[in-house]
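Novice: Enclosed is the structure file work_37.csv (CSV, C-alpha atoms and all ligand atoms).
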chain,number,residue,atom,x,y,z
A,23,MET,CA,5.3,18.2,-9.1
A,24,ALA,CA,6.0,15.6,-6.5
A,25,VAL,CA,3.6,12.6,-6.6
A,26,THR,CA,1.5,12.4,-3.5
A,27,PRO,CA,-0.6,9.5,-2.4
A,28,ASP,CA,-4.2,9.7,-3.7
A,29,HIS,CA,-6.4,8.1,-1.1
A,30,GLN,CA,-9.3,7.4,-3.4
A,31,ARG,CA,-7.2,5.7,-6.0
A,32,ILE,CA,-5.0,3.3,-4.0
A,33,ALA,CA,-7.2,1.1,-1.9
A,34,PRO,CA,-5.8,-1.4,-1.4
A,35,ALA,CA,-3.2,-2.4,-3.9
A,36,ARG,CA,-0.2,-4.5,-2.7
A,37,ALA,CA,3.2,-5.0,-4.3
A,38,GLY,CA,3.4,-8.5,-2.9
A,39,LEU,CA,6.6,-8.1,-0.8
A,40,ALA,CA,5.6,-10.0,2.3
A,41,VAL,CA,5.0,-13.7,2.6
A,42,LEU,CA,1.6,-13.8,4.2
A,43,PRO,CA,0.1,-14.8,6.5
A,44,THR,CA,2.9,-14.6,9.0
A,45,PRO,CA,2.9,-17.4,11.5
A,46,LEU,CA,0.9,-17.1,14.8
A,47,GLN,CA,2.7,-19.3,17.3
A,48,GLU,CA,1.9,-20.4,20.9
A,49,ALA,CA,4.7,-19.5,23.3
A,50,PRO,CA,4.0,-21.5,26.5
A,51,ARG,CA,7.4,-21.3,28.0
A,52,LEU,CA,7.6,-17.5,27.5
A,53,ALA,CA,4.1,-17.2,28.9
A,54,GLU,CA,5.2,-19.1,32.0
A,55,ALA,CA,8.4,-17.0,32.4
A,56,LEU,CA,6.3,-13.8,32.1
A,57,GLY,CA,3.7,-15.0,34.6
A,58,ILE,CA,0.9,-15.1,32.1
A,59,GLY,CA,-1.9,-17.6,33.0
A,60,GLY,CA,-3.7,-17.7,29.7
A,61,SER,CA,-2.5,-18.2,26.1
A,62,LEU,CA,0.4,-16.2,24.8
A,63,LEU,CA,0.6,-16.1,21.0
A,64,LEU,CA,3.4,-14.5,18.9
A,65,LYS,CA,2.4,-12.9,15.6
A,66,ARG,CA,5.7,-13.4,13.8
A,67,ASP,CA,6.1,-10.3,11.6
A,68,ASP,CA,9.8,-10.7,12.1
A,69,LEU,CA,9.2,-13.4,9.4
A,70,THR,CA,7.6,-11.3,6.7
A,71,GLY,CA,10.2,-12.8,4.4
A,72,PHE,CA,11.3,-9.7,2.5
A,73,ALA,CA,14.9,-8.5,2.9
A,74,VAL,CA,15.2,-7.7,6.7
A,75,ALA,CA,12.0,-5.6,6.7
A,76,GLY,CA,10.0,-7.2,9.6
A,77,ASN,CA,6.7,-5.3,10.1
A,78,LYS,CA,7.8,-2.6,7.6
A,79,ALA,CA,7.2,-5.0,4.7
A,80,ARG,CA,3.4,-4.6,5.3
A,81,GLN,CA,3.5,-0.8,4.9
A,82,LEU,CA,6.0,-0.8,2.1
A,83,GLU,CA,4.0,-3.2,0.0
A,84,MET,CA,1.2,-0.7,0.0
A,85,LEU,CA,3.5,2.4,-0.4
A,86,VAL,CA,5.5,0.9,-3.3
A,87,ALA,CA,2.3,-0.2,-5.1
A,88,ASP,CA,0.9,3.3,-4.7
A,89,ALA,CA,4.2,4.9,-5.9
A,90,SER,CA,4.3,2.6,-9.0
A,91,ALA,CA,0.7,3.3,-9.8
A,92,SER,CA,1.4,7.0,-9.6
A,93,GLY,CA,4.2,6.7,-12.1
A,94,ALA,CA,6.9,7.6,-9.6
A,95,GLY,CA,10.5,6.6,-10.3
A,96,VAL,CA,12.2,7.6,-7.0
A,97,LEU,CA,11.2,6.8,-3.4
A,98,VAL,CA,12.3,9.6,-1.0
A,99,THR,CA,12.3,8.9,2.7
A,100,GLY,CA,14.5,9.2,5.7
A,101,GLY,CA,15.1,8.7,9.4
A,102,THR,CA,18.1,7.9,11.6
A,103,PRO,CA,21.0,5.7,10.3
A,104,GLY,CA,19.7,3.0,12.6
A,105,SER,CA,16.2,3.0,11.0
A,106,ASN,CA,14.8,-0.4,10.1
A,107,PHE,CA,12.3,1.4,7.9
A,108,CYS,CA,14.9,3.2,5.8
A,109,GLN,CA,16.9,0.0,4.9
A,110,ALA,CA,13.6,-1.8,4.1
A,111,ALA,CA,12.4,1.1,1.9
A,112,VAL,CA,15.5,0.8,-0.2
A,113,ALA,CA,15.0,-2.9,-0.8
A,114,ALA,CA,11.3,-2.3,-1.5
A,115,ALA,CA,12.1,0.4,-4.1
A,116,ALA,CA,14.5,-1.9,-5.8
A,117,TRP,CA,11.8,-4.6,-6.0
A,118,ALA,CA,9.6,-2.1,-7.8
A,119,GLY,CA,12.4,-1.0,-10.1
A,120,MET,CA,12.6,2.4,-8.4
A,121,ARG,CA,15.6,4.3,-7.0
A,122,CYS,CA,15.6,5.3,-3.4
A,123,VAL,CA,17.0,8.5,-1.8
A,124,LEU,CA,17.4,8.3,1.9
A,125,VAL,CA,17.8,11.4,4.1
A,126,TYR,CA,19.5,10.6,7.4
A,127,ALA,CA,19.5,12.8,10.4
A,128,GLY,CA,23.0,14.0,11.5
A,129,SER,CA,26.3,13.5,9.7
A,130,PRO,CA,28.1,10.4,8.5
A,131,PRO,CA,29.2,8.3,11.5
A,132,PRO,CA,32.7,6.8,11.8
A,133,VAL,CA,31.1,3.3,12.0
A,134,ARG,CA,27.9,2.3,10.1
A,135,HIS,CA,24.9,0.9,12.0
A,136,PRO,CA,24.0,-2.4,10.4
A,137,ASN,CA,20.7,-0.8,9.1
A,138,HIS,CA,22.7,2.0,7.4
A,139,ALA,CA,25.2,-0.6,6.0
A,140,ALA,CA,22.3,-2.6,4.6
A,141,ALA,CA,20.7,0.5,3.0
A,142,VAL,CA,24.0,1.3,1.3
A,143,ARG,CA,24.2,-2.4,0.1
A,144,TRP,CA,20.7,-2.2,-1.3
A,145,GLY,CA,21.8,0.8,-3.4
A,146,ALA,CA,20.5,3.8,-1.5
A,147,ASP,CA,21.5,7.3,-2.5
A,148,VAL,CA,22.2,8.7,1.0
A,149,ARG,CA,22.0,12.4,2.0
A,150,TRP,CA,22.6,13.9,5.5
A,151,THR,CA,20.8,16.7,7.3
A,152,TYR,CA,23.8,17.6,9.4
A,153,ASP,CA,21.4,18.2,12.3
A,154,ALA,CA,21.1,15.5,15.0
A,155,ASP,CA,17.5,16.3,15.6
A,156,ARG,CA,15.4,13.5,14.0
A,157,GLY,CA,12.7,16.1,13.1
A,158,SER,CA,15.2,17.7,10.6
A,159,VAL,CA,14.5,14.8,8.3
A,160,ASP,CA,10.8,15.8,7.8
A,161,THR,CA,11.6,19.0,5.9
A,162,ALA,CA,14.6,17.5,4.2
A,163,ILE,CA,12.4,14.8,2.7
A,164,GLU,CA,10.2,17.5,1.2
A,165,THR,CA,13.0,19.6,0.0
A,166,THR,CA,14.8,16.6,-1.6
A,167,ALA,CA,11.6,15.6,-3.4
A,168,ALA,CA,11.2,19.2,-4.6
A,169,GLU,CA,14.8,19.2,-5.9
A,170,LEU,CA,14.3,15.9,-7.7
A,171,THR,CA,11.1,17.2,-9.3
A,172,ARG,CA,13.0,20.3,-10.5
A,173,LYS,CA,15.4,17.9,-12.2
A,174,GLY,CA,12.5,16.3,-14.1
A,175,LEU,CA,12.3,13.1,-11.9
A,176,ARG,CA,9.1,11.8,-10.3
A,177,PRO,CA,9.7,11.4,-6.6
A,178,TYR,CA,7.3,9.8,-4.1
A,179,ALA,CA,7.9,11.2,-0.7
A,180,VAL,CA,7.3,9.0,2.3
A,181,PRO,CA,7.5,10.3,5.9
A,182,ARG,CA,9.6,8.7,8.6
A,183,GLY,CA,8.5,5.2,9.5
A,184,GLY,CA,6.2,5.0,6.4
A,185,ALA,CA,3.5,6.6,8.6
A,186,THR,CA,0.8,7.4,6.1
A,187,PRO,CA,-2.8,6.2,5.7
A,188,VAL,CA,-1.6,4.2,2.6
A,189,GLY,CA,1.1,2.5,4.6
A,190,SER,CA,-1.2,1.8,7.6
A,191,ALA,CA,-3.6,0.1,5.2
A,192,GLY,CA,-1.1,-2.8,5.2
A,193,PHE,CA,-1.7,-3.1,9.0
A,194,HIS,CA,-5.5,-2.7,8.7
A,195,LEU,CA,-5.3,-5.9,6.5
A,196,ALA,CA,-2.9,-7.5,9.0
A,197,ALA,CA,-5.6,-7.1,11.7
A,198,LEU,CA,-8.0,-9.0,9.5
A,199,GLU,CA,-5.3,-11.7,8.9
A,200,LEU,CA,-4.8,-12.1,12.7
A,201,ASP,CA,-8.6,-12.3,13.2
A,202,ALA,CA,-8.9,-15.2,10.7
A,203,GLN,CA,-6.0,-17.0,12.3
A,204,LEU,CA,-7.5,-16.7,15.8
A,205,ARG,CA,-10.8,-18.0,14.7
A,206,ASP,CA,-9.2,-20.9,12.9
A,207,ARG,CA,-7.4,-21.8,16.0
A,208,SER,CA,-10.5,-21.8,18.1
A,209,GLY,CA,-12.3,-24.0,15.5
A,210,GLY,CA,-15.3,-21.7,16.0
A,211,GLY,CA,-15.2,-22.3,19.7
A,212,SER,CA,-14.5,-18.7,20.7
A,213,ASP,CA,-15.3,-15.3,19.3
A,214,GLY,CA,-11.5,-14.7,18.6
A,215,SER,CA,-11.2,-11.9,21.1
A,216,ALA,CA,-7.7,-11.1,22.3
A,217,THR,CA,-5.5,-8.3,23.6
A,218,VAL,CA,-2.7,-7.4,21.1
A,219,VAL,CA,0.5,-5.7,22.2
A,220,VAL,CA,2.7,-3.9,19.7
A,221,GLY,CA,5.5,-1.4,19.8
A,222,ALA,CA,4.7,2.1,18.5
A,223,GLY,CA,7.2,4.5,17.1
A,224,SER,CA,5.9,6.7,14.2
A,225,GLY,CA,2.5,5.1,14.9
A,226,GLY,CA,1.7,3.8,11.4
A,227,THR,CA,1.6,0.1,12.5
A,228,LEU,CA,-0.7,0.6,15.5
A,229,ALA,CA,-2.9,3.0,13.5
A,230,GLY,CA,-3.6,0.4,10.9
A,231,LEU,CA,-4.2,-2.3,13.5
A,232,VAL,CA,-6.7,-0.1,15.3
A,233,SER,CA,-8.4,0.7,12.1
A,234,GLY,CA,-8.7,-3.0,11.3
A,235,ALA,CA,-9.8,-3.9,14.8
A,236,VAL,CA,-12.7,-1.3,14.7
A,237,ALA,CA,-13.7,-2.7,11.3
A,238,LEU,CA,-13.9,-6.2,12.9
A,239,GLY,CA,-16.2,-5.0,15.6
A,240,ARG,CA,-13.5,-4.4,18.3
A,241,ARG,CA,-13.0,-8.1,19.2
A,242,LEU,CA,-9.2,-7.3,19.2
A,243,ARG,CA,-8.1,-4.9,21.8
A,244,MET,CA,-5.0,-3.2,20.3
A,245,ARG,CA,-2.5,-1.8,22.8
A,246,GLY,CA,0.5,0.2,21.9
A,247,ALA,CA,3.8,0.4,23.8
A,248,ALA,CA,5.3,3.8,22.9
A,249,VAL,CA,9.0,3.6,22.5
A,250,SER,CA,9.7,7.0,20.9
A,251,ARG,CA,7.3,9.8,21.5
A,252,PRO,CA,5.4,10.4,24.8
A,253,PRO,CA,2.4,8.1,25.0
A,254,GLU,CA,-0.2,11.0,24.7
A,255,GLU,CA,1.5,12.3,21.6
A,256,THR,CA,1.8,8.8,20.1
A,257,ALA,CA,-2.0,8.3,20.8
A,258,ARG,CA,-2.9,11.5,19.0
A,259,ARG,CA,-0.9,10.6,16.0
A,260,VAL,CA,-2.3,7.1,15.9
A,261,LEU,CA,-5.9,8.3,16.2
A,262,HIS,CA,-5.4,10.7,13.3
A,263,LEU,CA,-3.7,8.2,11.1
A,264,GLY,CA,-6.1,5.4,12.1
A,265,ARG,CA,-9.1,7.6,11.1
A,266,GLU,CA,-7.4,8.5,7.8
A,267,CYS,CA,-6.7,4.8,7.2
A,268,ALA,CA,-10.3,3.8,7.9
A,269,ARG,CA,-11.5,6.5,5.5
A,270,LEU,CA,-9.2,5.0,2.9
A,271,MET,CA,-10.5,1.5,3.6
A,272,GLY,CA,-14.1,2.7,3.7
A,273,THR,CA,-14.7,1.4,7.3
A,274,GLU,CA,-15.8,2.9,10.6
A,275,PRO,CA,-13.3,5.4,12.0
A,276,PRO,CA,-11.7,4.7,15.3
A,277,ARG,CA,-12.8,6.6,18.4
A,278,GLU,CA,-10.5,8.1,21.0
A,279,ALA,CA,-11.1,5.2,23.3
A,280,ASP,CA,-9.9,2.7,20.7
A,281,VAL,CA,-6.4,4.0,20.9
A,282,VAL,CA,-4.6,2.9,24.1
A,283,VAL,CA,-0.9,3.6,24.4
A,284,TYR,CA,1.4,2.9,27.3
A,285,ASP,CA,4.8,4.3,28.1
A,286,ALA,CA,7.7,1.9,27.2
A,287,ARG,CA,10.4,4.5,26.4
A,288,GLY,CA,12.6,3.8,29.4
A,289,PRO,CA,15.6,6.1,29.1
A,290,GLY,CA,14.5,7.3,25.7
A,291,HIS,CA,14.3,6.3,22.0
A,292,GLY,CA,17.2,4.1,20.9
A,293,HIS,CA,18.4,3.6,24.5
A,294,PRO,CA,17.7,0.1,25.8
A,295,SER,CA,15.5,-0.1,28.9
A,296,GLU,CA,16.1,-2.5,31.8
A,297,GLU,CA,12.5,-3.8,31.4
A,298,GLY,CA,13.1,-4.5,27.7
A,299,GLU,CA,16.5,-6.1,28.1
A,300,ARG,CA,15.1,-8.5,30.7
A,301,ALA,CA,12.2,-9.4,28.4
A,302,ALA,CA,14.6,-9.9,25.4
A,303,ARG,CA,16.8,-12.3,27.4
A,304,VAL,CA,13.8,-14.3,28.6
A,305,ALA,CA,12.4,-14.5,25.0
A,306,LEU,CA,15.7,-15.6,23.7
A,307,ARG,CA,16.5,-18.1,26.4
A,308,THR,CA,13.0,-19.7,26.7
A,309,SER,CA,11.9,-19.6,23.1
A,310,GLY,CA,14.7,-18.7,20.7
A,311,ILE,CA,12.9,-15.5,19.9
A,312,VAL,CA,15.2,-12.6,18.9
A,313,LEU,CA,14.0,-9.1,19.9
A,314,ASP,CA,15.6,-5.8,19.1
A,315,PRO,CA,16.4,-3.4,22.0
A,316,VAL,CA,14.7,-0.3,20.4
A,317,TYR,CA,11.1,-1.6,19.7
A,318,SER,CA,10.2,-5.2,20.2
A,319,ALA,CA,12.1,-5.8,23.5
A,320,LYS,CA,10.6,-2.7,25.1
A,321,ALA,CA,7.1,-3.7,23.9
A,322,LEU,CA,7.5,-7.2,25.4
A,323,GLY,CA,8.9,-5.7,28.5
A,324,ALA,CA,5.8,-3.6,29.0
A,325,LEU,CA,3.4,-6.5,28.1
A,326,ALA,CA,2.6,-7.7,31.6
A,327,ARG,CA,1.7,-4.1,32.8
A,328,ILE,CA,-0.3,-3.6,29.6
A,329,ILE,CA,-2.5,-6.6,30.1
A,330,GLY,CA,-2.8,-6.0,33.8
A,331,ASP,CA,-5.4,-8.2,35.6
A,332,ARG,CA,-6.0,-10.3,32.5
A,333,ARG,CA,-2.6,-11.8,33.1
A,334,ALA,CA,-4.1,-14.1,35.7
A,335,ASP,CA,-7.1,-15.1,33.6
A,336,PRO,CA,-6.5,-18.7,32.2
A,337,GLY,CA,-9.1,-18.0,29.5
A,338,HIS,CA,-7.5,-14.9,28.1
A,339,THR,CA,-5.6,-14.7,24.9
A,340,THR,CA,-2.7,-12.3,24.5
A,341,VAL,CA,-1.0,-11.7,21.2
A,342,PHE,CA,2.5,-10.1,21.1
A,343,TRP,CA,3.1,-8.6,17.7
A,344,HIS,CA,6.8,-9.3,17.0
A,345,THR,CA,7.7,-6.5,14.6
A,346,GLY,CA,11.3,-7.7,13.7
A,347,GLY,CA,14.2,-5.3,14.0
A,348,LEU,CA,16.7,-8.1,13.5
A,349,LEU,CA,19.7,-6.0,12.5
A,350,ASP,CA,19.1,-3.7,15.5
A,351,ALA,CA,19.1,-6.8,17.7
A,352,VAL,CA,22.4,-8.0,16.5
A,353,ALA,CA,23.9,-4.4,16.7
A,354,GLY,CA,22.8,-4.5,20.4
A,355,TRP,CA,24.6,-7.8,21.0
A,356,SER,CA,27.9,-6.4,19.8
A,357,HIS,CA,28.3,-4.3,22.9
A,358,ASP,CA,26.7,-6.7,25.3
A,359,ASP,CA,28.9,-8.9,27.4
A,360,ARG,CA,26.2,-11.0,29.1
A,401,LIG,C1,11.3,-3.3,14.6
A,401,LIG,C2,10.2,-2.2,14.6
A,401,LIG,N1,9.2,-2.4,15.4
A,401,LIG,C3,8.2,-1.5,15.6
A,401,LIG,C4,8.3,-0.3,14.9
A,401,LIG,C5,7.2,0.7,15.1
A,401,LIG,O1,6.4,0.9,14.0
A,401,LIG,P1,5.8,2.3,13.7
A,401,LIG,O2,6.9,3.2,13.4
A,401,LIG,O3,4.9,2.0,12.6
A,401,LIG,O4,5.0,2.7,14.9
A,401,LIG,C6,9.3,-0.1,14.0
A,401,LIG,C7,9.5,1.2,13.3
A,401,LIG,O5,10.4,1.5,12.7
A,401,LIG,C8,10.4,-1.1,13.9
A,401,LIG,O6,11.4,-0.9,13.1
Could you rewrite the structure in this file as structure tokens?
Specialist:
Amino acid sequence: MAVTPDHQRIAPARAGLAVLPTPLQEAPRLAEALGIGGSLLLKRDDLTGFAVAGNKARQLEMLVADASASGAGVLVTGGTPGSNFCQAAVAAAAWAGMRCVLVYAGSPPPVRHPNHAAAVRWGADVRWTYDADRGSVDTAIETTAAELTRKGLRPYAVPRGGATPVGSAGFHLAALELDAQLRDRSGGGSDGSATVVVGAGSGGTLAGLVSGAVALGRRLRMRGAAVSRPPEETARRVLHLGRECARLMGTEPPREADVVVYDARGPGHGHPSEEGERAARVALRTSGIVLDPVYSAKALGALARIIGDRRADPGHTTVFWHTGGLLDAVAGWSHDDR
């Protein structure tokens, strides 16, 4: 039988992949360029310090710990060949002494995306669905895990993006980490309230952050920038996952109003948006911050609309959660002549 996460057993073991806490940095020149009157802080999860995993190190350190505790020997996951999560999952599995099977949507491309190339370098056993629909991966992960079980192996199946309550627990803890940093900065002078903007794809990152924010008493307003699914669908997924995550952590479950998601898709998932590209250039040229075109650039591009009137408030703190995506950023530059 495939090993599945046991919610009661896990909470919350970590495999110790990420170097934590990640820095929280003031970005005054970026704030000025974006027309933000108050304080703009960057939560540097591009610097989690494990492989090129970015934010995904936080989910993977929970997932890999759970897989190891379950006695699993093979991690099975998937996505598109450009997936940051997939390449990070292979490295995380290696760290835990496990094999990793990746199921990619579509068929082998003539040129490998850097994330695909990294996954192969980390030692992934790559399979293809031969169906360009990203959804084809979901059933393929299950059938691959079942096939490995029949062969006598112990697979641990992880859905696209690591979006499970166990994975999100890593981001519940990240909300607590940010809260401690904000209070340290204020020296007890403020209640540490802030608006936090983060990109949302599969929703596991935002779900954990929302779960953590609710546990903290809602001082942190978590705001998602949906880059993949429509915002309503993203919000539904995040609410469900956030509630499951809170159950796992033994904390108050999020309410519908706790999940606020904006549309940042632009022309669609994986296609750069004008808003995002502008923001990425500004971040790079004012502050040396590297954003990827698929997630973090679109999230920063949407930041001003997300914080709305708070933009003019000099006493307001905004946190932009930089989720990484370094290989995607560099892949984007290779066909950019600006
Ligand atoms: C760089 C980057 N940022 C943000 C996200 C979004 O995270 P989630 O899928 O947990 O919503 C991802 C997901 O792959 C990512 O790779």
Novice: Give the answer as one residue: which of A:Gly157, A:Lys78, A:Leu64, A:Arg182 has the shortest atom-to-atom distance to Leu52 (chain A), using only C-alpha atoms?
Specialist: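 Using only C-alpha atoms, Leu52 (chain A) sits closest to A:Leu64.
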Novice: Between A:Val281, A:Ala114, A:Ala302, A:Ile328, single out the one closest to His262 (chain A), counting all atoms listed in the file.
Specialist: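 Of the candidates, the smallest distance to His262 (chain A) is held by A:Val281.
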Novice: Show which residues sit within 7 Å of Trp150 (chain A), as a PyMOL selection string. Count only C-alpha atoms, and ignore same-chain residues fewer than 2 positions away.
Specialist: chain A and resi 125-129+148+152
Novice: From the options A:Ala75, A:Ala196, A:Ala49, A:Ala257, which residue's atoms come nearest to Tyr284 (chain A), counting only C-alpha atoms?
Specialist: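 Using only C-alpha atoms, the shortest distance to Tyr284 (chain A) belongs to A:Ala257.
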Novice: At a cut-off of 8 Å and counting all atoms listed in the file, what residues surround ligand LIG 401 (chain A)? Please answer as a PyMOL selection string.
Specialist: chain A and resi 68+75-78+105-107+182-185+190+220-229+314+316-318+344-348+350
Novice: Of the residues A:Arg176, A:Ala351, A:Glu274, A:Gly230, which is the one nearest to Leu306 (chain A), using all atoms listed in the file?
Specialist: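 So, comparing all the options, the nearest one is A:Ala351.
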Novice: Find the spatial neighbours of Thr273 (chain A), counting all atoms listed in the file, within a cut-off of 12 Å - ignore same-chain residues fewer than 2 positions away - and output them as a list in words.
Specialist: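 Using all atoms listed in the file, the neighbours found are Ala33, Ala191, His194, Leu195, Gly230, Val232, Ser233, Gly234, Ala235, Val236, Ala237, Leu238, Gly239, Gly264, Arg265, Glu266, Cys267, Ala268, Arg269, Leu270, Met271, Pro275 and Pro276 of chain A.
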Novice: Given the choices A:Gln109, A:Leu46, A:Gly119, A:His293, which gets closest to Gly93 (chain A) if the distance is worked out from only C-alpha atoms?
Specialist: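 Ranked by minimum distance to Gly93 (chain A), first place goes to A:Gly119.
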Novice: What gap, in Å, lies between CA of Lys65 (chain A) and CA of Leu231 (chain A)?
Specialist: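 Answer for the CA of Lys65 (chain A) to CA of Leu231 (chain A) separation: 12.7 Å.
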Novice: Of the candidates A:Val312, A:Met120, A:Met244, A:Leu200, which one gets nearest to Val283 (chain A) if we count all atoms listed in the file?
Specialist: A:Met244
Novice: One decimal, in Å: what's the spacing between CA of Val341 (chain A) and CA of Asp285 (chain A)?
Specialist: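 Interatomic distance, CA of Val341 (chain A) to CA of Asp285 (chain A): 18.4 Å.
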Novice: Report as a ChimeraX atom specification all protein, DNA and RNA residues lying within 8 Å of Ala111 (chain A), evaluated on only C-alpha atoms, omitting residues in the same chain fewer than 5 positions from it.
Specialist: /A:82,97,99,122
Novice: At what distance in Å, to one decimal, does CA of Gly60 (chain A) lie from CA of Gln203 (chain A)?
Specialist: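 One can read the CA of Gln203 (chain A) to CA of Gly60 (chain A) distance as 17.6 Å.
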Novice: Up to 10 Å from (20.9, -3.2, 2.1) in the file's coordinates: name the residues, counting all atoms listed in the file, as a PyMOL selection string.
Specialist: chain A and resi 73-74+108-113+136-146
Novice: Got a sec: who's within 7 Å of Leu325 (chain A), counting only C-alpha atoms, leaving out chain neighbours fewer than 4 positions off, as a VMD selection string?
Specialist: chain A and resid 219 321 329
